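Trainee: Sharing final.cif, mmCIF, N, CA and C atoms:
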```cif
data_entry
#
loop_
_atom_site.label_atom_id
_atom_site.label_comp_id
_atom_site.auth_asym_id
_atom_site.auth_seq_id
_atom_site.Cartn_x
_atom_site.Cartn_y
_atom_site.Cartn_z
N MET A 1 -28.85 -33.48 -58.09
CA MET A 1 -29.02 -34.89 -58.36
C MET A 1 -28.51 -35.15 -59.78
N LYS A 2 -27.82 -36.26 -59.92
CA LYS A 2 -27.35 -36.70 -61.23
C LYS A 2 -28.23 -37.86 -61.68
N ILE A 3 -28.70 -37.78 -62.93
CA ILE A 3 -29.52 -38.84 -63.51
C ILE A 3 -28.81 -39.32 -64.77
N GLU A 4 -28.52 -40.61 -64.81
CA GLU A 4 -27.91 -41.19 -66.00
C GLU A 4 -28.87 -42.23 -66.56
N THR A 5 -29.12 -42.14 -67.86
CA THR A 5 -30.01 -43.11 -68.50
C THR A 5 -29.28 -43.78 -69.66
N LYS A 6 -29.68 -45.02 -69.89
CA LYS A 6 -29.20 -45.75 -71.06
C LYS A 6 -30.41 -46.45 -71.65
N GLN A 7 -30.64 -46.22 -72.94
CA GLN A 7 -31.76 -46.86 -73.63
C GLN A 7 -31.22 -47.75 -74.74
N ARG A 8 -31.70 -48.97 -74.77
CA ARG A 8 -31.43 -49.87 -75.87
C ARG A 8 -32.77 -50.21 -76.49
N LEU A 9 -33.08 -49.54 -77.60
CA LEU A 9 -34.36 -49.74 -78.27
C LEU A 9 -34.12 -50.05 -79.74
N ASP A 10 -34.76 -51.09 -80.22
CA ASP A 10 -34.65 -51.49 -81.63
C ASP A 10 -33.20 -51.58 -82.10
N GLY A 11 -32.31 -52.07 -81.22
CA GLY A 11 -30.92 -52.26 -81.61
C GLY A 11 -30.03 -51.03 -81.48
N ASP A 12 -30.61 -49.87 -81.21
CA ASP A 12 -29.83 -48.63 -81.03
C ASP A 12 -29.65 -48.36 -79.54
N GLU A 13 -28.48 -47.80 -79.19
CA GLU A 13 -28.23 -47.45 -77.79
C GLU A 13 -27.98 -45.95 -77.67
N GLU A 14 -28.60 -45.36 -76.66
CA GLU A 14 -28.47 -43.92 -76.41
C GLU A 14 -28.22 -43.71 -74.92
N LYS A 15 -27.25 -42.85 -74.60
CA LYS A 15 -26.94 -42.52 -73.21
C LYS A 15 -27.17 -41.02 -73.00
N LEU A 16 -27.60 -40.70 -71.78
CA LEU A 16 -27.88 -39.31 -71.45
C LEU A 16 -27.57 -39.10 -69.98
N GLN A 17 -27.03 -37.92 -69.66
CA GLN A 17 -26.79 -37.56 -68.26
C GLN A 17 -27.37 -36.18 -68.02
N VAL A 18 -28.08 -36.03 -66.90
CA VAL A 18 -28.71 -34.77 -66.52
C VAL A 18 -28.34 -34.46 -65.08
N ILE A 19 -28.03 -33.21 -64.81
CA ILE A 19 -27.81 -32.74 -63.44
C ILE A 19 -28.95 -31.77 -63.13
N THR A 20 -29.64 -31.99 -62.02
CA THR A 20 -30.77 -31.13 -61.66
C THR A 20 -30.91 -31.10 -60.14
N HIS A 21 -31.71 -30.19 -59.65
CA HIS A 21 -32.03 -30.14 -58.22
C HIS A 21 -33.23 -31.04 -57.97
N ALA A 22 -33.25 -31.68 -56.82
CA ALA A 22 -34.35 -32.57 -56.47
C ALA A 22 -34.71 -32.38 -55.00
N SER A 23 -35.96 -32.63 -54.69
CA SER A 23 -36.37 -32.65 -53.29
C SER A 23 -36.65 -34.09 -52.89
N PHE A 24 -36.28 -34.44 -51.68
CA PHE A 24 -36.47 -35.78 -51.13
C PHE A 24 -37.42 -35.65 -49.96
N SER A 25 -38.41 -36.55 -49.88
CA SER A 25 -39.26 -36.63 -48.69
C SER A 25 -39.55 -38.09 -48.43
N GLY A 26 -39.69 -38.43 -47.15
CA GLY A 26 -39.99 -39.81 -46.78
C GLY A 26 -38.88 -40.43 -45.97
N SER A 27 -38.77 -41.75 -46.08
CA SER A 27 -37.78 -42.52 -45.32
C SER A 27 -36.97 -43.39 -46.28
N ARG A 28 -36.04 -44.14 -45.74
CA ARG A 28 -35.17 -44.99 -46.57
C ARG A 28 -35.97 -45.95 -47.44
N ASP A 29 -37.03 -46.53 -46.92
CA ASP A 29 -37.79 -47.53 -47.67
C ASP A 29 -38.94 -46.98 -48.50
N ASP A 30 -39.47 -45.85 -48.11
CA ASP A 30 -40.60 -45.24 -48.82
C ASP A 30 -40.33 -43.76 -48.98
N TYR A 31 -40.02 -43.35 -50.22
CA TYR A 31 -39.67 -41.94 -50.41
C TYR A 31 -40.16 -41.44 -51.76
N THR A 32 -40.14 -40.11 -51.88
CA THR A 32 -40.51 -39.43 -53.10
C THR A 32 -39.40 -38.46 -53.48
N LEU A 33 -39.03 -38.48 -54.75
CA LEU A 33 -38.12 -37.50 -55.33
C LEU A 33 -38.93 -36.67 -56.32
N ILE A 34 -38.76 -35.36 -56.26
CA ILE A 34 -39.41 -34.47 -57.22
C ILE A 34 -38.32 -33.62 -57.85
N TYR A 35 -38.31 -33.59 -59.17
CA TYR A 35 -37.29 -32.81 -59.88
C TYR A 35 -37.84 -32.30 -61.20
N THR A 36 -37.15 -31.30 -61.75
CA THR A 36 -37.52 -30.68 -63.02
C THR A 36 -36.38 -30.88 -64.01
N GLU A 37 -36.74 -31.17 -65.25
CA GLU A 37 -35.76 -31.31 -66.33
C GLU A 37 -36.15 -30.37 -67.47
N GLU A 38 -35.16 -30.02 -68.27
CA GLU A 38 -35.42 -29.23 -69.47
C GLU A 38 -34.68 -29.86 -70.62
N SER A 39 -35.39 -30.06 -71.74
CA SER A 39 -34.75 -30.60 -72.93
C SER A 39 -35.24 -29.83 -74.15
N PRO A 40 -34.39 -29.73 -75.18
CA PRO A 40 -34.80 -29.01 -76.39
C PRO A 40 -36.01 -29.64 -77.07
N GLU A 41 -36.12 -30.98 -76.98
CA GLU A 41 -37.23 -31.68 -77.66
C GLU A 41 -38.55 -31.55 -76.90
N ASP A 42 -38.48 -31.70 -75.55
CA ASP A 42 -39.70 -31.78 -74.75
C ASP A 42 -40.00 -30.53 -73.94
N GLY A 43 -39.11 -29.55 -73.91
CA GLY A 43 -39.31 -28.39 -73.05
C GLY A 43 -39.09 -28.76 -71.60
N GLU A 44 -39.77 -28.06 -70.71
CA GLU A 44 -39.61 -28.33 -69.27
C GLU A 44 -40.60 -29.39 -68.83
N SER A 45 -40.12 -30.31 -67.99
CA SER A 45 -41.01 -31.33 -67.44
C SER A 45 -40.71 -31.49 -65.95
N LYS A 46 -41.74 -31.84 -65.21
CA LYS A 46 -41.62 -32.10 -63.78
C LYS A 46 -41.87 -33.58 -63.57
N THR A 47 -41.04 -34.21 -62.74
CA THR A 47 -41.16 -35.64 -62.49
C THR A 47 -41.30 -35.89 -61.00
N GLU A 48 -42.25 -36.74 -60.65
CA GLU A 48 -42.41 -37.22 -59.28
C GLU A 48 -42.14 -38.72 -59.32
N LEU A 49 -41.11 -39.15 -58.61
CA LEU A 49 -40.72 -40.55 -58.56
C LEU A 49 -40.93 -41.05 -57.14
N ARG A 50 -41.74 -42.11 -57.00
CA ARG A 50 -41.99 -42.70 -55.68
C ARG A 50 -41.38 -44.09 -55.63
N CYS A 51 -40.67 -44.36 -54.54
CA CYS A 51 -40.11 -45.68 -54.30
C CYS A 51 -40.81 -46.25 -53.07
N GLU A 52 -41.44 -47.40 -53.24
CA GLU A 52 -42.17 -48.04 -52.15
C GLU A 52 -41.46 -49.32 -51.72
N LYS A 53 -41.03 -49.34 -50.46
CA LYS A 53 -40.37 -50.51 -49.86
C LYS A 53 -39.16 -50.97 -50.67
N GLY A 54 -38.58 -50.06 -51.47
CA GLY A 54 -37.42 -50.41 -52.29
C GLY A 54 -37.74 -51.43 -53.37
N GLU A 55 -39.04 -51.70 -53.61
CA GLU A 55 -39.45 -52.76 -54.53
C GLU A 55 -40.34 -52.30 -55.66
N LYS A 56 -40.94 -51.13 -55.52
CA LYS A 56 -41.88 -50.64 -56.53
C LYS A 56 -41.57 -49.17 -56.80
N ILE A 57 -41.48 -48.83 -58.08
CA ILE A 57 -41.20 -47.47 -58.50
C ILE A 57 -42.40 -46.97 -59.29
N THR A 58 -42.89 -45.79 -58.93
CA THR A 58 -43.94 -45.12 -59.69
C THR A 58 -43.37 -43.80 -60.18
N VAL A 59 -43.47 -43.55 -61.49
CA VAL A 59 -42.95 -42.32 -62.08
C VAL A 59 -44.11 -41.60 -62.76
N ILE A 60 -44.33 -40.37 -62.35
CA ILE A 60 -45.34 -39.52 -62.98
C ILE A 60 -44.58 -38.31 -63.52
N ARG A 61 -44.61 -38.15 -64.82
CA ARG A 61 -43.88 -37.06 -65.47
C ARG A 61 -44.86 -36.26 -66.31
N PHE A 62 -44.82 -34.95 -66.15
CA PHE A 62 -45.70 -34.12 -66.96
C PHE A 62 -44.97 -32.84 -67.35
N GLY A 63 -45.29 -32.37 -68.53
CA GLY A 63 -44.64 -31.17 -69.05
C GLY A 63 -45.45 -30.60 -70.19
N GLU A 64 -44.77 -29.84 -71.03
CA GLU A 64 -45.41 -29.16 -72.15
C GLU A 64 -45.92 -30.17 -73.17
N GLY A 65 -47.20 -30.48 -73.10
CA GLY A 65 -47.83 -31.38 -74.06
C GLY A 65 -47.55 -32.85 -73.86
N MET A 66 -46.98 -33.24 -72.70
CA MET A 66 -46.70 -34.66 -72.50
C MET A 66 -46.97 -35.08 -71.07
N THR A 67 -47.35 -36.34 -70.92
CA THR A 67 -47.57 -36.93 -69.61
C THR A 67 -47.15 -38.40 -69.69
N THR A 68 -46.49 -38.88 -68.64
CA THR A 68 -46.10 -40.28 -68.56
C THR A 68 -46.47 -40.81 -67.18
N ASN A 69 -47.07 -41.97 -67.14
CA ASN A 69 -47.35 -42.69 -65.90
C ASN A 69 -46.73 -44.07 -66.04
N LEU A 70 -45.83 -44.39 -65.12
CA LEU A 70 -45.06 -45.61 -65.21
C LEU A 70 -45.05 -46.30 -63.85
N ILE A 71 -45.38 -47.58 -63.81
CA ILE A 71 -45.29 -48.38 -62.59
C ILE A 71 -44.35 -49.52 -62.87
N LEU A 72 -43.33 -49.66 -62.00
CA LEU A 72 -42.31 -50.69 -62.20
C LEU A 72 -42.23 -51.59 -60.97
N GLU A 73 -42.42 -52.88 -61.19
CA GLU A 73 -42.25 -53.90 -60.15
C GLU A 73 -41.55 -55.08 -60.81
N LYS A 74 -40.59 -55.67 -60.07
CA LYS A 74 -39.86 -56.80 -60.63
C LYS A 74 -40.80 -57.94 -60.97
N GLY A 75 -40.71 -58.38 -62.23
CA GLY A 75 -41.46 -59.54 -62.66
C GLY A 75 -42.93 -59.32 -62.94
N ILE A 76 -43.43 -58.10 -62.79
CA ILE A 76 -44.85 -57.82 -63.04
C ILE A 76 -44.96 -56.82 -64.19
N ARG A 77 -45.68 -57.20 -65.25
CA ARG A 77 -45.87 -56.32 -66.40
C ARG A 77 -47.01 -55.35 -66.12
N HIS A 78 -46.73 -54.06 -66.33
CA HIS A 78 -47.74 -53.01 -66.20
C HIS A 78 -47.86 -52.29 -67.53
N ALA A 79 -49.05 -51.79 -67.83
CA ALA A 79 -49.25 -50.93 -68.99
C ALA A 79 -48.89 -49.51 -68.58
N SER A 80 -48.10 -48.86 -69.41
CA SER A 80 -47.65 -47.50 -69.15
C SER A 80 -48.27 -46.58 -70.19
N CYS A 81 -48.87 -45.49 -69.74
CA CYS A 81 -49.54 -44.56 -70.65
C CYS A 81 -48.65 -43.35 -70.90
N HIS A 82 -48.48 -43.01 -72.18
CA HIS A 82 -47.67 -41.86 -72.58
C HIS A 82 -48.51 -40.96 -73.47
N ALA A 83 -48.68 -39.71 -73.07
CA ALA A 83 -49.38 -38.72 -73.88
C ALA A 83 -48.34 -37.74 -74.40
N THR A 84 -48.27 -37.59 -75.72
CA THR A 84 -47.31 -36.70 -76.35
C THR A 84 -48.06 -35.74 -77.27
N PRO A 85 -47.39 -34.72 -77.77
CA PRO A 85 -48.06 -33.82 -78.74
C PRO A 85 -48.48 -34.56 -80.01
N TYR A 86 -47.92 -35.75 -80.24
CA TYR A 86 -48.21 -36.51 -81.46
C TYR A 86 -49.27 -37.58 -81.24
N GLY A 87 -49.74 -37.73 -80.01
CA GLY A 87 -50.77 -38.72 -79.71
C GLY A 87 -50.46 -39.46 -78.42
N THR A 88 -51.39 -40.33 -78.04
CA THR A 88 -51.26 -41.11 -76.81
C THR A 88 -51.03 -42.58 -77.18
N PHE A 89 -50.16 -43.23 -76.43
CA PHE A 89 -49.93 -44.64 -76.68
C PHE A 89 -49.67 -45.35 -75.36
N SER A 90 -49.86 -46.67 -75.39
CA SER A 90 -49.62 -47.51 -74.22
C SER A 90 -48.46 -48.45 -74.53
N MET A 91 -47.64 -48.68 -73.52
CA MET A 91 -46.48 -49.54 -73.68
C MET A 91 -46.39 -50.42 -72.44
N GLY A 92 -46.04 -51.69 -72.62
CA GLY A 92 -45.85 -52.58 -71.50
C GLY A 92 -44.46 -52.39 -70.91
N VAL A 93 -44.37 -52.44 -69.57
CA VAL A 93 -43.08 -52.31 -68.89
C VAL A 93 -43.00 -53.33 -67.76
N VAL A 94 -41.81 -53.90 -67.58
CA VAL A 94 -41.57 -54.81 -66.46
C VAL A 94 -40.17 -54.53 -65.93
N ALA A 95 -40.07 -54.33 -64.62
CA ALA A 95 -38.78 -54.06 -64.00
C ALA A 95 -37.93 -55.32 -64.00
N LEU A 96 -36.69 -55.17 -64.41
CA LEU A 96 -35.72 -56.26 -64.37
C LEU A 96 -34.84 -56.14 -63.13
N GLU A 97 -34.56 -54.89 -62.72
CA GLU A 97 -33.73 -54.62 -61.55
C GLU A 97 -34.25 -53.39 -60.83
N ILE A 98 -34.26 -53.43 -59.51
CA ILE A 98 -34.52 -52.26 -58.67
C ILE A 98 -33.58 -52.36 -57.49
N ASP A 99 -32.76 -51.33 -57.30
CA ASP A 99 -31.81 -51.30 -56.18
C ASP A 99 -31.82 -49.89 -55.60
N SER A 100 -32.33 -49.75 -54.40
CA SER A 100 -32.47 -48.45 -53.76
C SER A 100 -31.66 -48.40 -52.47
N ASP A 101 -30.84 -47.36 -52.35
CA ASP A 101 -30.09 -47.09 -51.12
C ASP A 101 -30.08 -45.57 -50.94
N MET A 102 -31.21 -45.02 -50.53
CA MET A 102 -31.37 -43.58 -50.47
C MET A 102 -32.13 -43.17 -49.22
N ASP A 103 -31.73 -42.03 -48.65
CA ASP A 103 -32.46 -41.41 -47.56
C ASP A 103 -32.24 -39.90 -47.65
N GLU A 104 -32.63 -39.17 -46.62
CA GLU A 104 -32.54 -37.70 -46.65
C GLU A 104 -31.10 -37.20 -46.75
N LYS A 105 -30.12 -38.06 -46.50
CA LYS A 105 -28.71 -37.67 -46.60
C LYS A 105 -28.15 -37.92 -48.00
N GLY A 106 -28.95 -38.51 -48.88
CA GLY A 106 -28.51 -38.80 -50.24
C GLY A 106 -28.51 -40.28 -50.49
N GLY A 107 -27.86 -40.67 -51.58
CA GLY A 107 -27.77 -42.08 -51.90
C GLY A 107 -27.97 -42.33 -53.38
N THR A 108 -28.31 -43.59 -53.69
CA THR A 108 -28.46 -43.99 -55.09
C THR A 108 -29.76 -44.78 -55.29
N LEU A 109 -30.25 -44.71 -56.51
CA LEU A 109 -31.38 -45.52 -56.95
C LEU A 109 -31.04 -46.00 -58.36
N HIS A 110 -31.15 -47.28 -58.57
CA HIS A 110 -30.89 -47.89 -59.89
C HIS A 110 -32.09 -48.74 -60.25
N PHE A 111 -32.58 -48.57 -61.47
CA PHE A 111 -33.58 -49.51 -61.96
C PHE A 111 -33.45 -49.68 -63.46
N MET A 112 -33.80 -50.88 -63.90
CA MET A 112 -33.79 -51.22 -65.32
C MET A 112 -35.12 -51.88 -65.64
N TYR A 113 -35.68 -51.54 -66.78
CA TYR A 113 -36.93 -52.17 -67.17
C TYR A 113 -36.96 -52.47 -68.66
N ALA A 114 -37.71 -53.50 -68.99
CA ALA A 114 -37.92 -53.90 -70.38
C ALA A 114 -39.24 -53.31 -70.86
N THR A 115 -39.27 -52.95 -72.14
CA THR A 115 -40.48 -52.37 -72.72
C THR A 115 -40.98 -53.25 -73.86
N ASP A 116 -42.28 -53.18 -74.10
CA ASP A 116 -42.86 -53.88 -75.23
C ASP A 116 -44.07 -53.11 -75.72
N ILE A 117 -44.40 -53.33 -76.96
CA ILE A 117 -45.65 -52.80 -77.52
C ILE A 117 -46.44 -53.99 -78.03
N GLU A 118 -47.64 -54.15 -77.48
CA GLU A 118 -48.50 -55.29 -77.79
C GLU A 118 -47.75 -56.61 -77.64
N ASN A 119 -47.02 -56.75 -76.52
CA ASN A 119 -46.25 -57.94 -76.16
C ASN A 119 -45.09 -58.24 -77.10
N SER A 120 -44.74 -57.33 -77.98
CA SER A 120 -43.59 -57.50 -78.85
C SER A 120 -42.43 -56.70 -78.24
N PRO A 121 -41.32 -57.36 -77.84
CA PRO A 121 -40.23 -56.66 -77.15
C PRO A 121 -39.70 -55.47 -77.94
N LEU A 122 -39.46 -54.39 -77.22
CA LEU A 122 -38.97 -53.16 -77.84
C LEU A 122 -37.53 -52.88 -77.41
N GLY A 123 -37.24 -52.99 -76.10
CA GLY A 123 -35.89 -52.72 -75.63
C GLY A 123 -35.84 -52.62 -74.12
N GLU A 124 -34.70 -52.09 -73.63
CA GLU A 124 -34.49 -51.93 -72.20
C GLU A 124 -34.03 -50.52 -71.89
N ILE A 125 -34.43 -50.02 -70.74
CA ILE A 125 -34.05 -48.68 -70.28
C ILE A 125 -33.52 -48.79 -68.86
N THR A 126 -32.38 -48.14 -68.61
CA THR A 126 -31.74 -48.14 -67.30
C THR A 126 -31.66 -46.71 -66.78
N PHE A 127 -32.00 -46.52 -65.51
CA PHE A 127 -31.87 -45.23 -64.83
C PHE A 127 -30.97 -45.40 -63.62
N ASP A 128 -30.04 -44.47 -63.43
CA ASP A 128 -29.20 -44.41 -62.24
C ASP A 128 -29.28 -43.00 -61.68
N PHE A 129 -29.77 -42.89 -60.46
CA PHE A 129 -29.91 -41.60 -59.78
C PHE A 129 -28.87 -41.54 -58.66
N THR A 130 -28.21 -40.41 -58.54
CA THR A 130 -27.29 -40.17 -57.43
C THR A 130 -27.71 -38.85 -56.79
N LEU A 131 -28.12 -38.91 -55.54
CA LEU A 131 -28.59 -37.73 -54.80
C LEU A 131 -27.58 -37.37 -53.73
N LYS A 132 -27.18 -36.11 -53.73
CA LYS A 132 -26.28 -35.61 -52.69
C LYS A 132 -27.02 -34.52 -51.94
N PRO A 133 -26.82 -34.44 -50.63
CA PRO A 133 -27.52 -33.40 -49.86
C PRO A 133 -27.03 -32.01 -50.24
N LYS A 134 -27.93 -31.05 -50.10
CA LYS A 134 -27.58 -29.67 -50.37
C LYS A 134 -26.59 -29.21 -49.30
N THR A 135 -25.51 -28.60 -49.73
CA THR A 135 -24.53 -28.09 -48.76
C THR A 135 -24.75 -26.61 -48.55
N VAL A 136 -24.60 -26.19 -47.32
CA VAL A 136 -24.78 -24.79 -46.95
C VAL A 136 -23.40 -24.18 -46.76
N THR A 137 -23.17 -23.07 -47.44
CA THR A 137 -21.87 -22.41 -47.30
C THR A 137 -21.99 -21.09 -46.60
#
```
Any chance you could put this one into C-alpha cells?
Mentor:
Amino acid sequence: MKIETKQRLDGDEEKLQVITHASFSGSRDDYTLIYTEESPEDGESKTELRCEKGEKITVIRFGEGMTTNLILEKGIRHASCHATPYGTFSMGVVALEIDSDMDEKGGTLHFMYATDIENSPLGEITFDFTLKPKTVT
C-alpha cells in the first residue's frame, strides 16, 4: 500500500510518502485497513483505519510511547486525543473531503481534514491511500 500525506500547518507544508503492507477486511462500503509504519522519530507504529459507509473514517494508531484516536466525518468537529512521549493533548478535527473507492481487489481512499486547537485553526492534512492486491508468483 502506498500512503501519501500532505500537511499544511502554521504556514509550513510537508509531504511524505510511505510504502507498506496492509491487510484489508470488509466490503466496499465498510472496511478496515491495518498496516505498520516505521519512522526514525516515532519508531514502529500500527494503524487500524476503518471506513464506514464511505462517509466516516476512524483511525487508531499506537506505537512506542504514542497513541492517536481520530474520528473524521464531513462537517462534524470531533476532538482527537494524541498521547506522545512528551504529553497528551486534544485537537479538534473536521473532515473536508472523504472519497473512498476500495474493496478486496484494491483501490483508493482520499481524505482531507482541518485541525484546530481550542477552536483556533491550525492547518489541513491530506491522506491518499492506494491499495493493490498481493500478487502471487
Trainee: Report the distance between atom C of Lys46 (chain A) and CA of Pro133 (chain A) in Å, rounded to one decimal place.
Mentor: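 We find that atom C of Lys46 (chain A) and CA of Pro133 (chain A) lie 19.8 Å from each other.
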Trainee: Just the residues within 9 Å of Thr84 (chain A), please, counting only C-alpha atoms, with nothing from its chain fewer than 6 positions along; format it as a ChimeraX atom specification.
Mentor: /A:64-68
Trainee: Which is closest to Leu122 (chain A) among A:Leu70, A:Ile60, A:Ile34, A:Val94, if we use only C-alpha atoms?
Mentor: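 Once distances to Leu122 (chain A) are computed over only C-alpha atoms, the minimum belongs to A:Val94.
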Trainee: For a test of reading the model, state the distance in Å between atom C of His21 (chain A) and atom N of Ile76 (chain A), rounded to one decimal.
Mentor: 29.3 Å
Trainee: Enter the distance from atom N of Tyr31 (chain A) to atom C of Thr88 (chain A), in Å, rounded to one decimal.
Mentor: 29.1 Å
Trainee: Write out as JSON, numbers by chain which residues come within 6 Å of Leu131 (chain A) when counting only C-alpha atoms, dropping same-chain ones fewer than 5 positions away.
Mentor: {"A": [1, 106, 107]}
Trainee: Include N, CA and C atoms and write out the residues we just selected as a compact mmCIF listing (two decimals), in the coordinates of the input.
Mentor:
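And here is the file that came out, part.txt:
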```txt
# COMPACT_ATOMS: atom_id res chain seq x y z
N MET A 1 -28.85 -33.48 -58.09
CA MET A 1 -29.02 -34.89 -58.36
C MET A 1 -28.51 -35.15 -59.78
N GLY A 106 -28.95 -38.51 -48.88
CA GLY A 106 -28.51 -38.80 -50.24
C GLY A 106 -28.51 -40.28 -50.49
N GLY A 107 -27.86 -40.67 -51.58
CA GLY A 107 -27.77 -42.08 -51.90
C GLY A 107 -27.97 -42.33 -53.38
```
Trainee: Around (-37.3, -48.4, -79.2) in the file's frame, which residues reach within 7 Å when counting only N, CA and C atoms? Return as a list in words?
Mentor: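 Residues lying no farther than 7 Å from the given point: Arg8, Leu9, Asp10, Gly11, Leu122 and Gly123 of chain A.
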Trainee: Kindly save the residues from that selection, with N, CA and C atoms included, as a short mmCIF file (atom, residue, chain, number, x, y, z; two decimals), in the coordinates of the input.
Mentor:
```cif
data_model
loop_
_atom_site.label_atom_id
_atom_site.label_comp_id
_atom_site.auth_asym_id
_atom_site.auth_seq_id
_atom_site.Cartn_x
_atom_site.Cartn_y
_atom_site.Cartn_z
N ARG A 8 -31.70 -48.97 -74.77
CA ARG A 8 -31.43 -49.87 -75.87
C ARG A 8 -32.77 -50.21 -76.49
N LEU A 9 -33.08 -49.54 -77.60
CA LEU A 9 -34.36 -49.74 -78.27
C LEU A 9 -34.12 -50.05 -79.74
N ASP A 10 -34.76 -51.09 -80.22
CA ASP A 10 -34.65 -51.49 -81.63
C ASP A 10 -33.20 -51.58 -82.10
N GLY A 11 -32.31 -52.07 -81.22
CA GLY A 11 -30.92 -52.26 -81.61
C GLY A 11 -30.03 -51.03 -81.48
N LEU A 122 -39.46 -54.39 -77.22
CA LEU A 122 -38.97 -53.16 -77.84
C LEU A 122 -37.53 -52.88 -77.41
N GLY A 123 -37.24 -52.99 -76.10
CA GLY A 123 -35.89 -52.72 -75.63
C GLY A 123 -35.84 -52.62 -74.12
#
```
Trainee: What residues come out when you apply the PyMOL selection byres ((chain A and resi 91) around 6.5) to this file, written as a PyMOL selection string?
Mentor: chain A and resi 78-82+89-90+92-93+115-118
Trainee: Grab the residues selected above and save them as a short mmCIF file (atom, residue, chain, number, x, y, z; two decimals), in the frame of the given file with N, CA and C atoms.
Mentor:
```cif
data_model
loop_
_atom_site.label_atom_id
_atom_site.label_comp_id
_atom_site.auth_asym_id
_atom_site.auth_seq_id
_atom_site.Cartn_x
_atom_site.Cartn_y
_atom_site.Cartn_z
N HIS A 78 -46.73 -54.06 -66.33
CA HIS A 78 -47.74 -53.01 -66.20
C HIS A 78 -47.86 -52.29 -67.53
N ALA A 79 -49.05 -51.79 -67.83
CA ALA A 79 -49.25 -50.93 -68.99
C ALA A 79 -48.89 -49.51 -68.58
N SER A 80 -48.10 -48.86 -69.41
CA SER A 80 -47.65 -47.50 -69.15
C SER A 80 -48.27 -46.58 -70.19
N CYS A 81 -48.87 -45.49 -69.74
CA CYS A 81 -49.54 -44.56 -70.65
C CYS A 81 -48.65 -43.35 -70.90
N HIS A 82 -48.48 -43.01 -72.18
CA HIS A 82 -47.67 -41.86 -72.58
C HIS A 82 -48.51 -40.96 -73.47
N PHE A 89 -50.16 -43.23 -76.43
CA PHE A 89 -49.93 -44.64 -76.68
C PHE A 89 -49.67 -45.35 -75.36
N SER A 90 -49.86 -46.67 -75.39
CA SER A 90 -49.62 -47.51 -74.22
C SER A 90 -48.46 -48.45 -74.53
N GLY A 92 -46.04 -51.69 -72.62
CA GLY A 92 -45.85 -52.58 -71.50
C GLY A 92 -44.46 -52.39 -70.91
N VAL A 93 -44.37 -52.44 -69.57
CA VAL A 93 -43.08 -52.31 -68.89
C VAL A 93 -43.00 -53.33 -67.76
N THR A 115 -39.27 -52.95 -72.14
CA THR A 115 -40.48 -52.37 -72.72
C THR A 115 -40.98 -53.25 -73.86
N ASP A 116 -42.28 -53.18 -74.10
CA ASP A 116 -42.86 -53.88 -75.23
C ASP A 116 -44.07 -53.11 -75.72
N ILE A 117 -44.40 -53.33 -76.96
CA ILE A 117 -45.65 -52.80 -77.52
C ILE A 117 -46.44 -53.99 -78.03
N GLU A 118 -47.64 -54.15 -77.48
CA GLU A 118 -48.50 -55.29 -77.79
C GLU A 118 -47.75 -56.61 -77.64
#
```
Trainee: For a quick check of understanding, using only C-alpha atoms, which of A:Val18, A:Asn69, A:Ile57, A:Asp29 has the smallest distance to His110 (chain A)?
Mentor: A:Ile57
Trainee: Extract the full set of strand (DSSP E or B) residues from chain A according to DSSP on the backbone, and format it as a ChimeraX atom specification.
Mentor: /A:2-9,12-19,22-26,30-39,43-52,56-63,66-74,76,78-84,87-103,106-117,120-131
Trainee: Compare A:Thr58, A:Ser45, A:Thr5, A:Thr126 by their minimum atom-to-atom distance to Gln17 (chain A), counting only C-alpha atoms, and give me the closest one.
Mentor: A:Thr5
Trainee: Determine, counting only N, CA and C atoms, which protein, DNA and RNA residues have an atom within 7 Å of an atom of Leu96 (chain A); residues of the same chain fewer than 5 positions away are not included. Present the result as a list in words.
Mentor: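 Surrounding residues, per the criterion: Glu73, Lys74, Gly75, Phe111, Met112, Tyr113 and Ala114 of chain A.
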Trainee: Which one of A:Asn119, A:Ile19, A:Gly87, A:Lys105 sits closest to Ile3 (chain A) if you count only C-alpha atoms?
Mentor: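 Of all the options, A:Ile19 lies closest to Ile3 (chain A).
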